[in-house]
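> Handing you a structure now.
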Amino acid sequence: MSLRIVVCVKYVPDATGDRRFADDLTVDRDEVDGLLSELDEYAVEQALQIADEADDAEITVLTVGPEDAKDALRKALSMGADKAVHVEDDDLHGTDALGTSLVLAKAIEKTGYDLVVCGMASTDGTMGVLPAMLAERLGVPQVSLLSEVSVEDGTVKGRRDGDTATEQLEARLPAVVSVTDQSGEARYPSFKGIMAAKKKPVESWDLEDLEIEADEVGLEGAWTAVDGATERPARTAGTIVKDEGEGGKQLAEFLAGQKFI
Amino acid sequence: MAEVLVYVDHVDGAVRKPTLELLTLARRIGEPVAVALGSGAENTASALAEHGAVKVLTADAPEFADYLVVPKVDAVQAAYESVSPAAVLFPSSAEGKEIAARLAVRIGSGIITDAVDLEAGDEGPVATQSVFAAAFTTKSRVSKGTPVITVKPNSAAVEAAPAAGAVEALEVSFSEQATGTKVVSRTPRESTGRPELTEAAIVVSGGRGVGGAENFPVVEALADSLGAAVGASRAAVDAGWYPHTSQVGQTGKTVSPQLYIAAGISGAIQHRAGMQTSKTIVAVNKDAEAPIFDLVDYGVVGDLFEVVPQLTEEVKTRKG
């Protein structure tokens with residue numbers, strides 16, 4: 001039987017760009033280019049490797065986001081995913097983590113799945129809570145923050161490197177896994193992959209398709225509110241010296257002056 | 001006064017510092033009730049009482065160690081239902097965030113992660129967050145349900161505030177999901193004897209300029225002279241020179257120490273995201289154009305293998 005893998009990805013503002021807030025204190029997506037969150041590339045890569053090891057597997061890449069978020073799906077398809085689902089609805093603007101997990105969970109259930117693969121966090125919100133929320137909503141095991149992952153005979157295994165210990169984890173499918181940036185370098189799409197991606201199916205669903213009411217999501221439905229955002233004042237220029245043989249001593253003098261020594 | 005649940009991060013009963021910081025922040029909102037789970041949970045009581053816990057709810061069962069995360073969610077939910085708190089606070093550790101996430105879904109409450117400050121507000125606790133690689137500071141609150149908030153280490157100075165800290169056994173019945181993810185084995189990390197990276201007052205980090213694993217002792221020697229933790233940039237970690245658990249940056253750990261010393265680190269956005277909120281920033285780098293110099297309070301343009309050992313010697317001399 002085919003192993004159905006769903007990879008959740010996010011389209012995020014480029015971290016090297018000038019990220020800002022819009023007037024409604026949501027992320028301003030117009031002022032900076034977006035791309036597939038780098039940490040989700042690792043999820044796509046691990047899904048591809050798991051699919052390679054399986055007799056028969058199909059990878060669906062799933063995102064929730066505005067029109068431009070299709071770019072993230074295209075990137076994943078050009079890496080080798082088989083098909084894509086784009087959840088897009090004007091009422092989704094401003095949805096927070098809890099709302100996003102609701103939308104993703106409904107979409108995953110509608111697609112059908114044996115394994116959900118996520119990145120460890122998005123590179124914009126960086127909360128890192130979504131995989132756990134998805135597992136909770138779907139009622140399946142979470143096998144999260146893995147630096148190594150494999151699937152065999154309906155069991156997912158992985159290694160989790162924590163602050164105080166390294167753990168070997170194991171769960172029966174269906175399950176939700178998340179992978180870290182230590183799981184293995186993500187492949188670059190080949191020219192062939194990029195051409196093939198153009199022909200792969202991308203389905204678009206809205207809230208009605210997922211039987212979600214508009215007031216459950218969006219800025220109005222959010223479980224959290226941002227009341228203010230202030231730009232951090234620019235640092236005042238520091239002292240910079242060139243080492244002429246006494247650089248270490250000068251630095252020690254500075255640290256002593258600041259009472260660090 | 002409203003009660004505030006505080007999830008206790010401890011290792012065999014030894015309470016980790018971020019939990020004591022949480023207790024300090026919790027007292028601004030209400031009366032802290034601590035939840036300590038797993039082996040040694042009861043031994044946490046005296047440290048928690050000393051820092052303001054009016055009550056310590058404890059539970060131990062093999063499930064907490066043998067299965068991932070969910071048994072602890074079941075326990076915190078049981079505590080939540082018995083206390084009806086005004087907020088539930090967690091340390092922003094990997095596990096803390098995951099328990100918080102699942103609890104938020106279960107109780108239908110909003111969640112805020114990685115707060116760097118917390119204060120009482122008219123409509124519930126207000127959390128300060130540092131976002132977009134610390135370029136912005138936001139004020140947020142939970143608008144639905146009981147606020148579930150995770151707080152970063154070093155967000156408050158620990159204050160002693162003796163309280164009763166009465167230990168009570170917490171009744172937990174585990175959910176069907178509790179045994180879903182088995183912890184097959186656990187290998188404790190070898191202690192370096194240095195402070196924990198995210199908790200340290202001083203962090204010394206090495207990057208590409210260190211040139212190889214064999215040169216990292218230069219960075220470690222400076223760290224040891226200052227009683228600091230050792231960090232590494234992603235470049236150094238990806239090259240295999242230093243363990244990933246020491247990586248400072250967007251995909252590693254975020255640190256906010258009193259003093260951050262970057263040796264041989266250029267200061268790519270990825271790294272800056274992880275250290276930009278450090279109080280004082282110092283860098284040593286050969287390249288005068290390195291972006292790290294835009295952030296520093298004091299920078300030395302020079303060879304780190306000349307400057308850092310000289311600094312280490314000077315620190316040792318001055319400390320006597």
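The chains in the structure tokens are called A, B, ... from first to last as shown; in each chain the residues are counted from 1, and the ligands are counted from 1 in the order shown.
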What's around Leu146 of chain A at 8 Å? Count only C-alpha atoms, leave out sequence neighbours fewer than 4 positions away in its own chain, and write the answer as a PyMOL selection string.

chain A and resi 158-161+177-180+183

> Find the residues of chain B in contact range of chain A, meaning any atom within 7 Å when counting only C-alpha atoms, and list them as an mmCIF file with C-alpha atoms, in the first residue's frame.


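Below is the file part.cif, written as the result:
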```cif
data_model
loop_
_atom_site.group_PDB
_atom_site.id
_atom_site.type_symbol
_atom_site.label_atom_id
_atom_site.label_comp_id
_atom_site.auth_asym_id
_atom_site.auth_seq_id
_atom_site.Cartn_x
_atom_site.Cartn_y
_atom_site.Cartn_z
ATOM 1 C CA LYS B 97 7.088 24.859 23.962
ATOM 2 C CA GLU B 98 5.670 21.518 22.826
ATOM 3 C CA ALA B 101 1.385 24.063 22.276
ATOM 4 C CA ARG B 102 -0.649 20.954 22.949
ATOM 5 C CA VAL B 105 -5.072 23.346 21.658
ATOM 6 C CA SER B 109 -6.420 29.085 24.546
ATOM 7 C CA GLY B 110 -4.070 31.346 22.688
ATOM 8 C CA ILE B 111 -0.335 30.852 23.007
ATOM 9 C CA THR B 113 6.092 31.864 22.723
ATOM 10 C CA PHE B 132 12.548 39.596 13.005
ATOM 11 C CA ALA B 135 14.765 44.242 14.696
ATOM 12 C CA PHE B 136 11.367 44.774 16.353
ATOM 13 C CA THR B 137 9.932 44.522 19.840
ATOM 14 C CA THR B 138 6.256 43.610 20.114
ATOM 15 C CA LYS B 139 3.711 43.650 22.914
ATOM 16 C CA SER B 140 1.185 40.836 22.703
ATOM 17 C CA ARG B 141 -1.513 39.232 24.763
ATOM 18 C CA VAL B 142 -3.718 36.204 24.580
ATOM 19 C CA SER B 143 -7.225 37.283 23.595
ATOM 20 C CA LYS B 144 -9.063 33.949 23.945
ATOM 21 C CA GLN B 177 -2.225 9.356 23.150
ATOM 22 C CA GLY B 180 2.120 7.059 21.322
ATOM 23 C CA THR B 181 5.789 7.973 21.044
ATOM 24 C CA LYS B 182 8.155 5.681 22.855
ATOM 25 C CA VAL B 183 11.525 6.897 24.102
ATOM 26 C CA VAL B 184 13.544 3.816 23.175
ATOM 27 C CA SER B 185 16.782 5.074 24.693
ATOM 28 C CA ARG B 186 18.184 8.182 26.298
ATOM 29 C CA THR B 187 21.864 9.093 26.395
ATOM 30 C CA PRO B 188 22.613 11.976 28.753
ATOM 31 C CA ARG B 189 24.875 14.620 27.281
ATOM 32 C CA THR B 245 23.825 21.909 20.656
ATOM 33 C CA THR B 251 18.252 27.559 13.637
ATOM 34 C CA ILE B 269 21.753 37.388 9.535
ATOM 35 C CA LEU B 295 26.571 45.433 16.114
ATOM 36 C CA VAL B 296 29.509 45.708 18.430
ATOM 37 C CA ASP B 297 30.146 47.864 21.437
ATOM 38 C CA TYR B 298 33.811 47.074 21.003
ATOM 39 C CA GLY B 299 35.500 45.422 18.050
ATOM 40 C CA VAL B 300 39.042 44.424 17.306
ATOM 41 C CA VAL B 301 40.089 44.052 13.685
ATOM 42 C CA GLY B 302 42.809 41.468 13.905
ATOM 43 C CA VAL B 307 44.056 38.740 20.071
ATOM 44 C CA VAL B 308 42.087 36.035 21.900
ATOM 45 C CA GLN B 310 46.333 37.772 24.723
ATOM 46 C CA LEU B 311 42.890 38.642 26.087
ATOM 47 C CA GLU B 314 45.062 39.455 30.523
ATOM 48 C CA VAL B 315 41.774 38.226 32.040
ATOM 49 C CA LYS B 319 41.423 38.068 38.018
#
```

> Record the distance separating atom CA of Ala236 of chain B and atom CA of Arg208 of chain B, expressed in Å with one decimal.

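These two atoms are separated by 5.4 Å.
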
> Of the candidates B:Arg106, B:His271, B:Arg27, B:Arg318, which one gets nearest to Val148 of chain B if we count only C-alpha atoms?

B:Arg106

> Mind giving me the straight-line distance from atom CA of Gly40 of chain B to atom CA of Asp12 of chain B in Å, one decimal?

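Between atom CA of Gly40 of chain B and atom CA of Asp12 of chain B the gap is 4.6 Å.
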
> Using only C-alpha atoms for the distances, tell me which of A:Ala72, A:Val12, A:Leu36, A:Ile5 is nearest to Asp56 of chain A.

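Among the listed residues, the smallest separation from Asp56 of chain A belongs to A:Ile5.
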
> What separation in Å, quoted to one decimal, exists between atom CA of Asp90 of chain A and atom CA of Leu73 of chain A?

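Going from atom CA of Asp90 of chain A over to atom CA of Leu73 of chain A, I get 18.7 Å.
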
> Would you please give, as a PyMOL selection string, all residues of segment 61-174 of chain B that DSSP assigns to strand (DSSP E) based on the backbone?

chain B and resi 87-91+111-119+126-131+136-142+148-151+166-169

> Keeping only C-alpha atoms, write those residues as a PDB file, in the first residue's frame.


```pdb
ATOM      1  CA  ALA B  87      -2.113  32.028  33.082  1.00  0.00           C
ATOM      2  CA  VAL B  88       0.126  29.025  32.438  1.00  0.00           C
ATOM      3  CA  LEU B  89       3.837  29.726  32.029  1.00  0.00           C
ATOM      4  CA  PHE B  90       6.513  27.483  30.525  1.00  0.00           C
ATOM      5  CA  PRO B  91      10.222  27.900  29.919  1.00  0.00           C
ATOM      6  CA  ILE B 111      -0.335  30.852  23.007  1.00  0.00           C
ATOM      7  CA  ILE B 112       2.581  33.266  22.994  1.00  0.00           C
ATOM      8  CA  THR B 113       6.092  31.864  22.723  1.00  0.00           C
ATOM      9  CA  ASP B 114       9.547  33.215  23.499  1.00  0.00           C
ATOM     10  CA  ALA B 115       8.451  36.167  25.612  1.00  0.00           C
ATOM     11  CA  VAL B 116      11.381  38.203  26.909  1.00  0.00           C
ATOM     12  CA  ASP B 117       9.315  40.063  29.497  1.00  0.00           C
ATOM     13  CA  LEU B 118       5.925  39.789  31.110  1.00  0.00           C
ATOM     14  CA  GLU B 119       3.759  42.241  33.001  1.00  0.00           C
ATOM     15  CA  VAL B 126       1.213  41.420  28.365  1.00  0.00           C
ATOM     16  CA  ALA B 127       4.211  39.682  26.813  1.00  0.00           C
ATOM     17  CA  THR B 128       7.157  41.420  25.205  1.00  0.00           C
ATOM     18  CA  GLN B 129       8.732  39.587  22.280  1.00  0.00           C
ATOM     19  CA  SER B 130      11.751  40.293  20.168  1.00  0.00           C
ATOM     20  CA  VAL B 131      11.050  39.460  16.509  1.00  0.00           C
ATOM     21  CA  PHE B 136      11.367  44.774  16.353  1.00  0.00           C
ATOM     22  CA  THR B 137       9.932  44.522  19.840  1.00  0.00           C
ATOM     23  CA  THR B 138       6.256  43.610  20.114  1.00  0.00           C
ATOM     24  CA  LYS B 139       3.711  43.650  22.914  1.00  0.00           C
ATOM     25  CA  SER B 140       1.185  40.836  22.703  1.00  0.00           C
ATOM     26  CA  ARG B 141      -1.513  39.232  24.763  1.00  0.00           C
ATOM     27  CA  VAL B 142      -3.718  36.204  24.580  1.00  0.00           C
ATOM     28  CA  VAL B 148      -0.364  30.074  27.714  1.00  0.00           C
ATOM     29  CA  ILE B 149       3.021  31.765  27.527  1.00  0.00           C
ATOM     30  CA  THR B 150       6.558  30.456  27.108  1.00  0.00           C
ATOM     31  CA  VAL B 151       9.407  32.635  28.328  1.00  0.00           C
ATOM     32  CA  ALA B 166       3.236  23.235  50.092  1.00  0.00           C
ATOM     33  CA  VAL B 167       3.713  19.982  48.204  1.00  0.00           C
ATOM     34  CA  GLU B 168       0.555  18.352  46.881  1.00  0.00           C
ATOM     35  CA  ALA B 169       0.314  15.164  44.872  1.00  0.00           C
TER      36      ALA B 169
END
```

> Using only C-alpha atoms, determine which residues lie at most 9 Å from Val248 of chain B, disregarding the query and same-chain residues fewer than 3 positions distant; provide the list as a CSV table (one decimal) with all heavy atoms, in the first residue's frame.


```
chain,number,residue,atom,x,y,z
B,197,LEU,N,24.5,27.2,27.7
B,197,LEU,CA,24.6,28.3,26.8
B,197,LEU,C,23.5,29.3,26.9
B,197,LEU,O,23.8,30.5,26.9
B,197,LEU,CB,24.6,27.6,25.4
B,197,LEU,CG,24.8,28.6,24.2
B,197,LEU,CD1,26.1,29.3,24.3
B,197,LEU,CD2,24.8,27.7,22.9
B,205,SER,N,31.8,32.8,21.5
B,205,SER,CA,31.4,32.0,20.4
B,205,SER,C,32.5,32.0,19.3
B,205,SER,O,33.2,33.1,19.1
B,205,SER,CB,30.1,32.4,19.7
B,205,SER,OG,29.0,32.1,20.5
B,231,GLY,N,29.8,29.1,22.5
B,231,GLY,CA,28.9,28.9,21.4
B,231,GLY,C,29.6,28.8,20.1
B,231,GLY,O,30.9,28.9,20.1
B,232,ALA,N,28.9,28.5,19.0
B,232,ALA,CA,29.5,28.4,17.7
B,232,ALA,C,28.6,28.9,16.7
B,232,ALA,O,27.3,28.9,16.9
B,232,ALA,CB,29.9,26.9,17.4
B,233,SER,N,29.1,29.4,15.6
B,233,SER,CA,28.2,29.8,14.5
B,233,SER,C,27.8,28.6,13.7
B,233,SER,O,28.4,27.6,13.8
B,233,SER,CB,29.0,30.8,13.6
B,233,SER,OG,29.9,30.2,12.8
B,234,ARG,N,26.8,28.8,12.8
B,234,ARG,CA,26.4,27.7,12.0
B,234,ARG,C,27.5,27.2,11.1
B,234,ARG,O,27.6,26.0,10.9
B,234,ARG,CB,25.2,28.2,11.2
B,234,ARG,CG,24.7,27.0,10.3
B,234,ARG,CD,23.3,27.3,9.8
B,234,ARG,NE,22.9,26.3,8.9
B,234,ARG,CZ,21.8,26.3,8.3
B,234,ARG,NH1,20.9,27.3,8.4
B,234,ARG,NH2,21.5,25.3,7.5
B,244,HIS,N,26.3,20.7,17.5
B,244,HIS,CA,25.1,21.5,17.1
B,244,HIS,C,24.4,22.1,18.3
B,244,HIS,O,23.8,23.2,18.2
B,244,HIS,CB,24.1,20.6,16.3
B,244,HIS,CG,22.8,21.3,15.9
B,244,HIS,ND1,21.6,20.9,16.4
B,244,HIS,CD2,22.6,22.4,15.1
B,244,HIS,CE1,20.7,21.7,15.9
B,244,HIS,NE2,21.3,22.6,15.1
B,245,THR,N,24.5,21.4,19.4
B,245,THR,CA,23.8,21.9,20.7
B,245,THR,C,24.4,23.3,21.1
B,245,THR,O,23.8,23.9,21.9
B,245,THR,CB,24.0,20.9,21.8
B,245,THR,OG1,25.3,20.5,21.8
B,245,THR,CG2,23.1,19.7,21.6
B,251,THR,N,18.6,29.0,13.6
B,251,THR,CA,18.3,27.6,13.6
B,251,THR,C,18.9,26.9,14.8
B,251,THR,O,18.9,25.7,14.9
B,251,THR,CB,18.6,26.8,12.3
B,251,THR,OG1,20.0,27.0,12.1
B,251,THR,CG2,17.9,27.5,11.2
B,252,GLY,N,19.6,27.6,15.6
B,252,GLY,CA,20.2,27.0,16.8
B,252,GLY,C,19.6,27.6,18.1
B,252,GLY,O,18.4,27.8,18.2
B,253,LYS,N,20.4,28.1,19.0
B,253,LYS,CA,19.9,28.7,20.2
B,253,LYS,C,20.0,30.2,20.1
B,253,LYS,O,20.8,30.8,19.5
B,253,LYS,CB,20.8,28.2,21.4
B,253,LYS,CG,20.7,26.7,21.6
B,253,LYS,CD,20.8,26.3,23.0
B,253,LYS,CE,20.4,24.9,23.3
B,253,LYS,NZ,21.5,24.0,23.1
B,254,THR,N,19.0,30.8,20.8
B,254,THR,CA,19.0,32.3,20.9
B,254,THR,C,19.6,32.6,22.3
B,254,THR,O,19.2,32.0,23.3
B,254,THR,CB,17.6,32.9,20.8
B,254,THR,OG1,17.0,32.3,19.7
B,254,THR,CG2,17.7,34.4,20.7
B,255,VAL,N,20.6,33.4,22.3
B,255,VAL,CA,21.2,33.8,23.6
B,255,VAL,C,21.1,35.3,23.8
B,255,VAL,O,21.0,36.1,22.9
B,255,VAL,CB,22.7,33.4,23.7
B,255,VAL,CG1,22.8,31.9,23.5
B,255,VAL,CG2,23.5,34.1,22.6
B,270,GLN,N,21.6,35.0,9.9
B,270,GLN,CA,21.3,33.8,10.7
B,270,GLN,C,21.9,33.8,12.1
B,270,GLN,O,21.3,33.4,13.1
B,270,GLN,CB,21.9,32.6,9.9
B,270,GLN,CG,21.2,31.3,10.0
B,270,GLN,CD,21.5,30.6,11.3
B,270,GLN,OE1,20.6,30.1,12.0
B,270,GLN,NE2,22.8,30.5,11.7
B,271,HIS,N,23.1,34.3,12.2
B,271,HIS,CA,23.8,34.3,13.5
B,271,HIS,C,23.3,35.5,14.3
B,271,HIS,O,23.0,35.4,15.5
B,271,HIS,CB,25.3,34.4,13.3
B,271,HIS,CG,26.1,34.3,14.6
B,271,HIS,ND1,26.2,33.1,15.2
B,271,HIS,CD2,26.6,35.2,15.4
B,271,HIS,CE1,26.9,33.2,16.3
B,271,HIS,NE2,27.1,34.5,16.5
B,272,ARG,N,23.1,36.6,13.6
B,272,ARG,CA,22.7,37.8,14.4
B,272,ARG,C,21.3,37.6,15.0
B,272,ARG,O,21.1,38.1,16.1
B,272,ARG,CB,22.6,39.0,13.4
B,272,ARG,CG,24.0,39.5,13.1
B,272,ARG,CD,24.2,40.6,12.2
B,272,ARG,NE,23.1,41.3,11.6
B,272,ARG,CZ,23.0,41.7,10.3
B,272,ARG,NH1,24.0,41.5,9.5
B,272,ARG,NH2,22.0,42.4,9.9
B,273,ALA,N,20.4,36.8,14.4
B,273,ALA,CA,19.1,36.5,14.9
B,273,ALA,C,19.3,35.8,16.3
B,273,ALA,O,18.4,35.9,17.1
B,273,ALA,CB,18.3,35.6,14.0
B,274,GLY,N,20.4,35.2,16.5
B,274,GLY,CA,20.5,34.4,17.8
B,274,GLY,C,21.2,35.1,18.9
B,274,GLY,O,21.3,34.6,20.0
B,275,MET,N,21.8,36.3,18.6
B,275,MET,CA,22.6,37.0,19.7
B,275,MET,C,22.4,38.5,19.7
B,275,MET,O,23.0,39.1,20.6
B,275,MET,CB,24.1,36.6,19.5
B,275,MET,CG,24.7,36.8,18.1
B,275,MET,SD,24.8,38.4,17.4
B,275,MET,CE,26.1,39.1,18.3
```

> Could you write out, as a ChimeraX atom specification, all the residues of segment 34-224 of chain A that DSSP marks as helix (DSSP H, G or I)?

/A:38-53,67-79,90-92,97-111,130-138,191-197,214-216,218-221
